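Right, one structure below, let's go through it.
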Amino acid sequence: MDKLLPLLLSFPAHPPPIQPPTDEQYDEGIKALVKNIKKLPAKTLLQATSGGEDILNVGLLRSSSMLLTNLLQIFNPALNSIPYAFALLARVNEVQSTPKSAQNNTPPADLMPLWEKIVLFLENFDSRQVRYIGSEVSEIITIVGALARHLGQPGAAVSPIASAILRLDPSASTLTSAHLILSRLALESQEFSRAAPILERHILYIPTTGPHPKRACSLRLKAHEYLTPESGLTKKISIQDILEYFSFCGSIFIGLQQWENAAEWLENVITYPIRGVAVSKIMVEAYKKWTLVKVLLTGKAPALPPNTNSNATKAFHIIGKPYDMVAGLFEVGSASRLNAEITAGANIWSGDGNSGLMRVVLGAHQKHQIRRLSSLYETIPVSYISENTVSAETGVGLENQDAVEALISNMISQGELRGTLVGAQGGQPAFLRFAPTERISDETLVERELAEAMGRIESMVEDVKATDHLLTHEKEYLTWVRKQKKKQVGASYVDAYGGEDMGWVVGPDEEDLMAVM
């Protein structure tokens with residue numbers, strides 16, 4: 001191992017040169033390092049140094065040109081990401097090469113040192129270096145999820161994978177296979193809050209096959225330019241993957257009771273372009289959840305977005321009819337009727353995995369009754385609320401006025417109701433004063449919000465330019481333009497390309513969809 005150290009430490013130069021290497025020099029140096037390491041047998045990377053330690057362990061090193069030094073200071077995953085990654089995989093392969101019976105009987109404590117090294121790598125690797133070992137990084141991300149499951153703690157892998165995603169793409173706006181692993185682990189372990197910082201980011205890019213950047217190290221590259229199947233940093237993303245990820249995000253935000261985020265992700269699923277009459281089962285299941293989430297947000301039966309495919313609309317209303325019934329009753333039906341409908345469909349909700357969400361809908365009905373009163377009154381006695389609202393959970397009113405006051409107080413504290421609850425004083429009964437519907441803000445707050453909005457808009461400009469460029473250079477779009485030119489020779493530009501005809505948008509491949517029967 002001592003003889004290999006000069007090779008393993010050959011890139012990047014340390015200490016760094018005064019003049020940073022050019023992209024060409026960086027590219028040549030790191031490619032040479034990767035090529036030479038790949039030539040080494042994996043077991044070579046597991047050999048001990050003269051000090052008795054290997055690359056991944058804390059220990060002492062003696063070489064011909066150095067005094068004893070802490071090995072982890074030399075092979076730091078943030079500085080020497082390439083050799084560290086290959087050493088990690090060599091160690092994993094060594095563990096996996098043992099008989100299955102031995103692997104299954106390995107005490108978790110024996111695997112913790114390896115786990116800690118993997119986590120250390122994912123949270124600290126150099127994002128520029130790993131563009132050259134994409135397949136290896138993707139494999140490590142997959143391994144950390146599998147190891148977490150093996151240890152019986154799938155949620156433990158959520159934070160390391162989230163860190164890796166942000167290191168590769170600080171905006172997390174390119175959908176990768178790591179996003180899919182993260183969302184599945186978060187759902188499986190219910191570690192929703194740890195995954196939320198990634199899942200709340202908007203997806204702007206889907207990895208596509210095409211020419212890889214000449215020099216992946218260029219700092220001018222956008223993340224979506226090197227996060228491609230060719231780089232190995234992600235696998236090819238199918239239509240099924242896209243729908244699953246959007247659906248997983250919606251389910252996770254339902255678990256966090258962040259209804260607006262949940263509705264947005266589920267809406268992305270139900271409005272996804274499709275071809276022909278086939279509608280994905282994932283889309284239908286998303287519609288059921290979306291209907292209930294929109295009811296919780298608005299208190300009304302929702303109308304489908306105008307860009308929903310007409311065939312999908314028909315399928316949603318046929319298969320999701322029980323959910324449409326609940327939404328309609330929530331808006332205009334009585335509490336007892338809503339309770340009866342939800343109780344009668346218990347097997348349906350359970351089979352769809354929506355029983356918990358239905359219970360939330362039941363509990364929200366009386367809250368929406370109270371909120372609706374704000375359109376009629378500015379101030380209202382609590383006794384009136386007690387007499388004229390009913391709990392859909394029980395089918396009757398709350399047991400006493402104190403329970404009603406507790407409900408109102410909780411709604412105000414949770415931000416579900418804008419108003420002030422004034423307790424009974426002397427001969428004056430307790431009453432609720434609704435706050436103005438429109439929020440009144442001071443000038444300083446308005447200026448700050450405007451500045452934040454301008455910042456968000458400016459940050460979107462480059463992404464809009466990039467997505468427009470990608471969109472107008474896609475093969476399907478160019479093919480559609482050529483067809484339109486042939487069909488409408490001599491027509492005006494608006495006639496040829498305007499209107500709502502989106503025939504160039506390609507829907508899901510049939511093999512990626514489960515047709516609704």
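Chain labels A, B, ... are given in the sequence in which chains occur in the structure tokens; within each chain residues are numbered consecutively from 1, and ligands are likewise numbered from 1 in the order shown.
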Exercise. Run DSSP on the backbone and give me the residues of range 297-350 of chain A it puts in alpha helix (DSSP H), as a PyMOL selection string.
Key: chain A and resi 297-298+310-319+321-332+335-344+346-350
Keeping only N, CA and C atoms, write the selected residues as an mmCIF file, in the first residue's frame.
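And here's out07.cif as it stands now:
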```
data_model
loop_
_atom_site.group_PDB
_atom_site.id
_atom_site.type_symbol
_atom_site.label_atom_id
_atom_site.label_comp_id
_atom_site.auth_asym_id
_atom_site.auth_seq_id
_atom_site.Cartn_x
_atom_site.Cartn_y
_atom_site.Cartn_z
ATOM 1 N N LEU A 297 -58.056 21.854 1.789
ATOM 2 C CA LEU A 297 -57.554 23.207 1.548
ATOM 3 C C LEU A 297 -58.671 24.220 1.345
ATOM 4 N N THR A 298 -59.689 23.839 0.593
ATOM 5 C CA THR A 298 -60.707 24.808 0.176
ATOM 6 C C THR A 298 -62.074 24.585 0.782
ATOM 7 N N SER A 310 -58.380 14.770 -21.395
ATOM 8 C CA SER A 310 -59.812 14.444 -21.353
ATOM 9 C C SER A 310 -60.046 12.967 -21.031
ATOM 10 N N ASN A 311 -59.208 12.077 -21.561
ATOM 11 C CA ASN A 311 -59.363 10.661 -21.237
ATOM 12 C C ASN A 311 -59.077 10.397 -19.764
ATOM 13 N N ALA A 312 -58.067 11.105 -19.235
ATOM 14 C CA ALA A 312 -57.761 10.963 -17.816
ATOM 15 C C ALA A 312 -58.923 11.471 -16.970
ATOM 16 N N THR A 313 -59.527 12.582 -17.389
ATOM 17 C CA THR A 313 -60.663 13.149 -16.651
ATOM 18 C C THR A 313 -61.798 12.135 -16.525
ATOM 19 N N LYS A 314 -62.112 11.466 -17.638
ATOM 20 C CA LYS A 314 -63.178 10.457 -17.612
ATOM 21 C C LYS A 314 -62.832 9.324 -16.646
ATOM 22 N N ALA A 315 -61.592 8.844 -16.726
ATOM 23 C CA ALA A 315 -61.182 7.741 -15.853
ATOM 24 C C ALA A 315 -61.226 8.153 -14.387
ATOM 25 N N PHE A 316 -60.781 9.370 -14.102
ATOM 26 C CA PHE A 316 -60.771 9.840 -12.715
ATOM 27 C C PHE A 316 -62.184 9.853 -12.138
ATOM 28 N N HIS A 317 -63.125 10.383 -12.892
ATOM 29 C CA HIS A 317 -64.489 10.524 -12.360
ATOM 30 C C HIS A 317 -65.213 9.184 -12.272
ATOM 31 N N ILE A 318 -64.842 8.228 -13.136
ATOM 32 C CA ILE A 318 -65.479 6.903 -13.056
ATOM 33 C C ILE A 318 -64.919 6.115 -11.874
ATOM 34 N N ILE A 319 -63.597 6.001 -11.822
ATOM 35 C CA ILE A 319 -62.982 5.186 -10.769
ATOM 36 C C ILE A 319 -62.969 5.916 -9.430
ATOM 37 N N LYS A 321 -65.261 7.929 -8.267
ATOM 38 C CA LYS A 321 -66.598 8.429 -7.913
ATOM 39 C C LYS A 321 -66.854 8.451 -6.407
ATOM 40 N N PRO A 322 -66.444 7.426 -5.642
ATOM 41 C CA PRO A 322 -66.680 7.500 -4.189
ATOM 42 C C PRO A 322 -66.002 8.727 -3.554
ATOM 43 N N TYR A 323 -64.864 9.116 -4.071
ATOM 44 C CA TYR A 323 -64.159 10.286 -3.530
ATOM 45 C C TYR A 323 -64.852 11.578 -3.953
ATOM 46 N N ASP A 324 -65.378 11.597 -5.177
ATOM 47 C CA ASP A 324 -66.149 12.763 -5.616
ATOM 48 C C ASP A 324 -67.398 12.944 -4.746
ATOM 49 N N MET A 325 -68.013 11.822 -4.355
ATOM 50 C CA MET A 325 -69.189 11.886 -3.487
ATOM 51 C C MET A 325 -68.846 12.509 -2.140
ATOM 52 N N VAL A 326 -67.727 12.074 -1.573
ATOM 53 C CA VAL A 326 -67.302 12.618 -0.279
ATOM 54 C C VAL A 326 -67.019 14.113 -0.404
ATOM 55 N N ALA A 327 -66.340 14.512 -1.474
ATOM 56 C CA ALA A 327 -66.022 15.931 -1.660
ATOM 57 C C ALA A 327 -67.288 16.766 -1.784
ATOM 58 N N GLY A 328 -68.274 16.260 -2.531
ATOM 59 C CA GLY A 328 -69.527 16.997 -2.669
ATOM 60 C C GLY A 328 -70.274 17.122 -1.359
ATOM 61 N N LEU A 329 -70.313 16.054 -0.576
ATOM 62 C CA LEU A 329 -70.993 16.102 0.723
ATOM 63 C C LEU A 329 -70.268 17.007 1.702
ATOM 64 N N PHE A 330 -68.939 17.046 1.615
ATOM 65 C CA PHE A 330 -68.171 17.926 2.504
ATOM 66 C C PHE A 330 -68.576 19.377 2.262
ATOM 67 N N GLU A 331 -68.810 19.706 0.999
ATOM 68 C CA GLU A 331 -69.124 21.093 0.664
ATOM 69 C C GLU A 331 -70.558 21.484 1.009
ATOM 70 N N VAL A 332 -71.520 20.626 0.675
ATOM 71 C CA VAL A 332 -72.923 21.036 0.817
ATOM 72 C C VAL A 332 -73.753 20.090 1.693
ATOM 73 N N ALA A 335 -73.283 17.069 8.340
ATOM 74 C CA ALA A 335 -72.225 16.308 9.002
ATOM 75 C C ALA A 335 -72.611 14.841 9.131
ATOM 76 N N SER A 336 -73.869 14.577 9.459
ATOM 77 C CA SER A 336 -74.309 13.190 9.632
ATOM 78 C C SER A 336 -74.278 12.433 8.307
ATOM 79 N N ARG A 337 -74.651 13.117 7.215
ATOM 80 C CA ARG A 337 -74.633 12.466 5.896
ATOM 81 C C ARG A 337 -73.196 12.165 5.468
ATOM 82 N N LEU A 338 -72.285 13.104 5.724
ATOM 83 C CA LEU A 338 -70.873 12.896 5.397
ATOM 84 C C LEU A 338 -70.317 11.730 6.207
ATOM 85 N N ASN A 339 -70.657 11.682 7.479
ATOM 86 C CA ASN A 339 -70.191 10.609 8.345
ATOM 87 C C ASN A 339 -70.678 9.251 7.840
ATOM 88 N N ALA A 340 -71.939 9.199 7.428
ATOM 89 C CA ALA A 340 -72.519 7.941 6.951
ATOM 90 C C ALA A 340 -71.830 7.478 5.663
ATOM 91 N N GLU A 341 -71.549 8.422 4.760
ATOM 92 C CA GLU A 341 -70.912 8.074 3.479
ATOM 93 C C GLU A 341 -69.497 7.540 3.704
ATOM 94 N N ILE A 342 -68.765 8.194 4.593
ATOM 95 C CA ILE A 342 -67.385 7.761 4.850
ATOM 96 C C ILE A 342 -67.371 6.417 5.576
ATOM 97 N N THR A 343 -68.296 6.227 6.482
ATOM 98 C CA THR A 343 -68.384 4.959 7.200
ATOM 99 C C THR A 343 -68.740 3.815 6.242
ATOM 100 N N ALA A 344 -69.652 4.075 5.318
ATOM 101 C CA ALA A 344 -70.081 3.043 4.375
ATOM 102 C C ALA A 344 -68.945 2.643 3.428
ATOM 103 N N ALA A 346 -65.742 2.445 4.114
ATOM 104 C CA ALA A 346 -64.525 2.155 4.883
ATOM 105 C C ALA A 346 -63.598 1.178 4.168
ATOM 106 N N ASN A 347 -64.169 0.160 3.538
ATOM 107 C CA ASN A 347 -63.341 -0.832 2.839
ATOM 108 C C ASN A 347 -62.632 -0.231 1.632
ATOM 109 N N ILE A 348 -63.295 0.701 0.977
ATOM 110 C CA ILE A 348 -62.680 1.366 -0.184
ATOM 111 C C ILE A 348 -61.475 2.178 0.250
ATOM 112 N N TRP A 349 -61.679 3.004 1.301
ATOM 113 C CA TRP A 349 -60.578 3.875 1.755
ATOM 114 C C TRP A 349 -59.417 3.033 2.258
ATOM 115 N N SER A 350 -59.739 1.946 2.945
ATOM 116 C CA SER A 350 -58.690 1.077 3.478
ATOM 117 C C SER A 350 -57.907 0.411 2.350
#
```
Could you give me, as a Markdown table, a per-residue list for range 337-369 of chain A showing, wherever an atom lies at most 8 Å from an atom of range 385-402 of chain A, the closest pair of atoms and their distance in Å to one decimal, using only C-alpha atoms and sorting by chain then residue number from low to high?
```
| residue | atom | partner | partner_atom | distance |
| --- | --- | --- | --- | --- |
| A:Leu338 | CA | A:Ala392 | CA | 6.7 |
| A:Asn339 | CA | A:Ala392 | CA | 5.5 |
| A:Arg359 | CA | A:Glu393 | CA | 7.9 |
| A:Leu362 | CA | A:Ala392 | CA | 5.4 |
| A:Gly363 | CA | A:Glu393 | CA | 6.0 |
| A:His365 | CA | A:Ala392 | CA | 6.1 |
| A:Gln366 | CA | A:Ser391 | CA | 5.3 |
| A:Gln369 | CA | A:Thr389 | CA | 6.4 |
```
Let me see the file: selected residues, N, CA and C atoms, as a JSON list (two decimals), in the first residue's frame.
```json
[["chain", "number", "residue", "atom", "x", "y", "z"],
["A", 338, "LEU", "N", -72.29, 13.10, 5.72],
["A", 338, "LEU", "CA", -70.87, 12.90, 5.40],
["A", 338, "LEU", "C", -70.32, 11.73, 6.21],
["A", 339, "ASN", "N", -70.66, 11.68, 7.48],
["A", 339, "ASN", "CA", -70.19, 10.61, 8.35],
["A", 339, "ASN", "C", -70.68, 9.25, 7.84],
["A", 359, "ARG", "N", -60.02, 10.20, 7.82],
["A", 359, "ARG", "CA", -60.28, 10.62, 9.21],
["A", 359, "ARG", "C", -59.95, 12.11, 9.38],
["A", 362, "LEU", "N", -62.87, 14.02, 7.95],
["A", 362, "LEU", "CA", -63.98, 14.06, 8.92],
["A", 362, "LEU", "C", -63.75, 15.11, 9.99],
["A", 363, "GLY", "N", -62.53, 15.14, 10.52],
["A", 363, "GLY", "CA", -62.23, 16.09, 11.59],
["A", 363, "GLY", "C", -62.22, 17.53, 11.12],
["A", 365, "HIS", "N", -64.32, 18.88, 8.89],
["A", 365, "HIS", "CA", -65.62, 19.37, 8.44],
["A", 365, "HIS", "C", -66.15, 20.49, 9.33],
["A", 366, "GLN", "N", -66.13, 20.29, 10.64],
["A", 366, "GLN", "CA", -66.66, 21.31, 11.54],
["A", 366, "GLN", "C", -65.81, 22.59, 11.48],
["A", 369, "GLN", "N", -66.98, 24.54, 8.67],
["A", 369, "GLN", "CA", -68.25, 25.19, 8.99],
["A", 369, "GLN", "C", -68.02, 26.50, 9.73]]
```
Practice problem: Tell me which protein, DNA and RNA residues are within 8 Å of Val361 in chain A, counting only C-alpha atoms, leaving out same-chain ones fewer than 4 positions away, and put them as a PyMOL selection string. | Solution: chain A and resi 292+295-296+357+365
Store the residues of this selection in a file with C-alpha atoms, as a CSV table (one decimal), in the first residue's frame.
```
chain,number,residue,atom,x,y,z
A,292,LEU,CA,-59.3,14.9,-0.4
A,295,VAL,CA,-61.2,19.5,0.1
A,296,LEU,CA,-59.0,20.1,3.2
A,357,LEU,CA,-56.6,10.9,5.3
A,365,HIS,CA,-65.6,19.4,8.4
```
Quick one: residues within 9 Å of Gly320 in chain A, only C-alpha atoms, excluding same-chain residues fewer than 5 positions away - as a short mmCIF file (atom, residue, chain, number, x, y, z; two decimals) with C-alpha atoms, in the first residue's frame?
```cif
data_model
loop_
_atom_site.label_atom_id
_atom_site.label_comp_id
_atom_site.auth_asym_id
_atom_site.auth_seq_id
_atom_site.Cartn_x
_atom_site.Cartn_y
_atom_site.Cartn_z
CA VAL A 284 -55.80 7.42 -10.65
CA GLU A 285 -54.52 6.80 -7.11
CA TYR A 287 -56.45 11.74 -8.10
CA LYS A 288 -58.13 10.13 -5.09
CA THR A 291 -59.45 15.24 -4.23
CA ALA A 315 -61.18 7.74 -15.85
CA MET A 325 -69.19 11.89 -3.49
#
```
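If you measure from each of A:Phe431, A:Gly232, A:Gln153, A:Leu114 to Glu136 in chain A using only C-alpha atoms, the closest one turns out to be A:Gly232.
Shortest separation to Val404 in chain A among A:Ala42, A:Ala156, A:Ala85, A:Ile370 occurs at residue A:Ile370, atoms counted being only C-alpha atoms.
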Exercise. Pick out the residues sitting within 9 Å of Asn76 in chain A, and hand them over as a ChimeraX atom specification; count only C-alpha atoms, and ignore anything fewer than 5 positions along from it in its own chain.
Key: /A:71,81,84,121,124-125
Keeping only C-alpha atoms, take the residues you just selected and write them out as an mmCIF file, in the first residue's frame.
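Once written, again20.cif looks like this:
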```
data_model
loop_
_atom_site.group_PDB
_atom_site.id
_atom_site.type_symbol
_atom_site.label_atom_id
_atom_site.label_comp_id
_atom_site.auth_asym_id
_atom_site.auth_seq_id
_atom_site.Cartn_x
_atom_site.Cartn_y
_atom_site.Cartn_z
ATOM 1 C CA LEU A 71 -4.212 8.495 7.537
ATOM 2 C CA SER A 81 -12.947 11.618 -3.164
ATOM 3 C CA TYR A 84 -11.897 7.044 -1.041
ATOM 4 C CA PHE A 121 -18.239 10.114 2.112
ATOM 5 C CA ASN A 124 -18.349 15.387 2.296
ATOM 6 C CA PHE A 125 -17.324 14.281 -1.199
#
```
Quiz prompt | Separation of CA of Trp265 in chain A from CA of Pro154 in chain A, in Å and rounded to one decimal | solution =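 A separation of 23.6 Å between them.
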Self-check item: Within 8 Å of Asn261 in chain A using only C-alpha atoms, minus same-chain residues under 3 positions, as a PyMOL selection string
Solution: chain A and resi 200+250+253+258+264-265
Would you write out those residues with N, CA and C atoms, as an mmCIF file, in the first residue's frame?
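Result written to out.cif:
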```cif
data_model
loop_
_atom_site.group_PDB
_atom_site.id
_atom_site.type_symbol
_atom_site.label_atom_id
_atom_site.label_comp_id
_atom_site.auth_asym_id
_atom_site.auth_seq_id
_atom_site.Cartn_x
_atom_site.Cartn_y
_atom_site.Cartn_z
ATOM 1 N N GLU A 200 -39.260 19.434 -1.347
ATOM 2 C CA GLU A 200 -39.979 20.687 -1.563
ATOM 3 C C GLU A 200 -39.381 21.503 -2.717
ATOM 4 N N GLY A 250 -46.163 13.723 -2.935
ATOM 5 C CA GLY A 250 -47.496 14.076 -2.455
ATOM 6 C C GLY A 250 -47.857 13.342 -1.187
ATOM 7 N N PHE A 253 -45.879 14.756 1.849
ATOM 8 C CA PHE A 253 -46.404 16.033 2.345
ATOM 9 C C PHE A 253 -47.780 15.866 2.990
ATOM 10 N N GLN A 258 -48.794 19.139 5.125
ATOM 11 C CA GLN A 258 -48.530 20.345 4.341
ATOM 12 C C GLN A 258 -49.379 20.238 3.078
ATOM 13 N N GLU A 264 -49.922 20.284 -4.797
ATOM 14 C CA GLU A 264 -49.107 20.644 -5.961
ATOM 15 C C GLU A 264 -48.460 19.413 -6.597
ATOM 16 N N TRP A 265 -47.864 18.537 -5.748
ATOM 17 C CA TRP A 265 -47.208 17.351 -6.291
ATOM 18 C C TRP A 265 -48.223 16.387 -6.906
#
```
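Using only C-alpha atoms, the shortest contact distance between Ile37 in chain A and any of A:Ser10, A:Ser375, A:Ser193, A:Ser231 is found at A:Ser10.
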Quiz item: Which polymer residues have any atom within 10 Å of an atom of Ala424 in chain A, counting only C-alpha atoms, with same-chain residues fewer than 6 positions away left out, as a ChimeraX atom specification?
Solution: /A:381-382,430-431
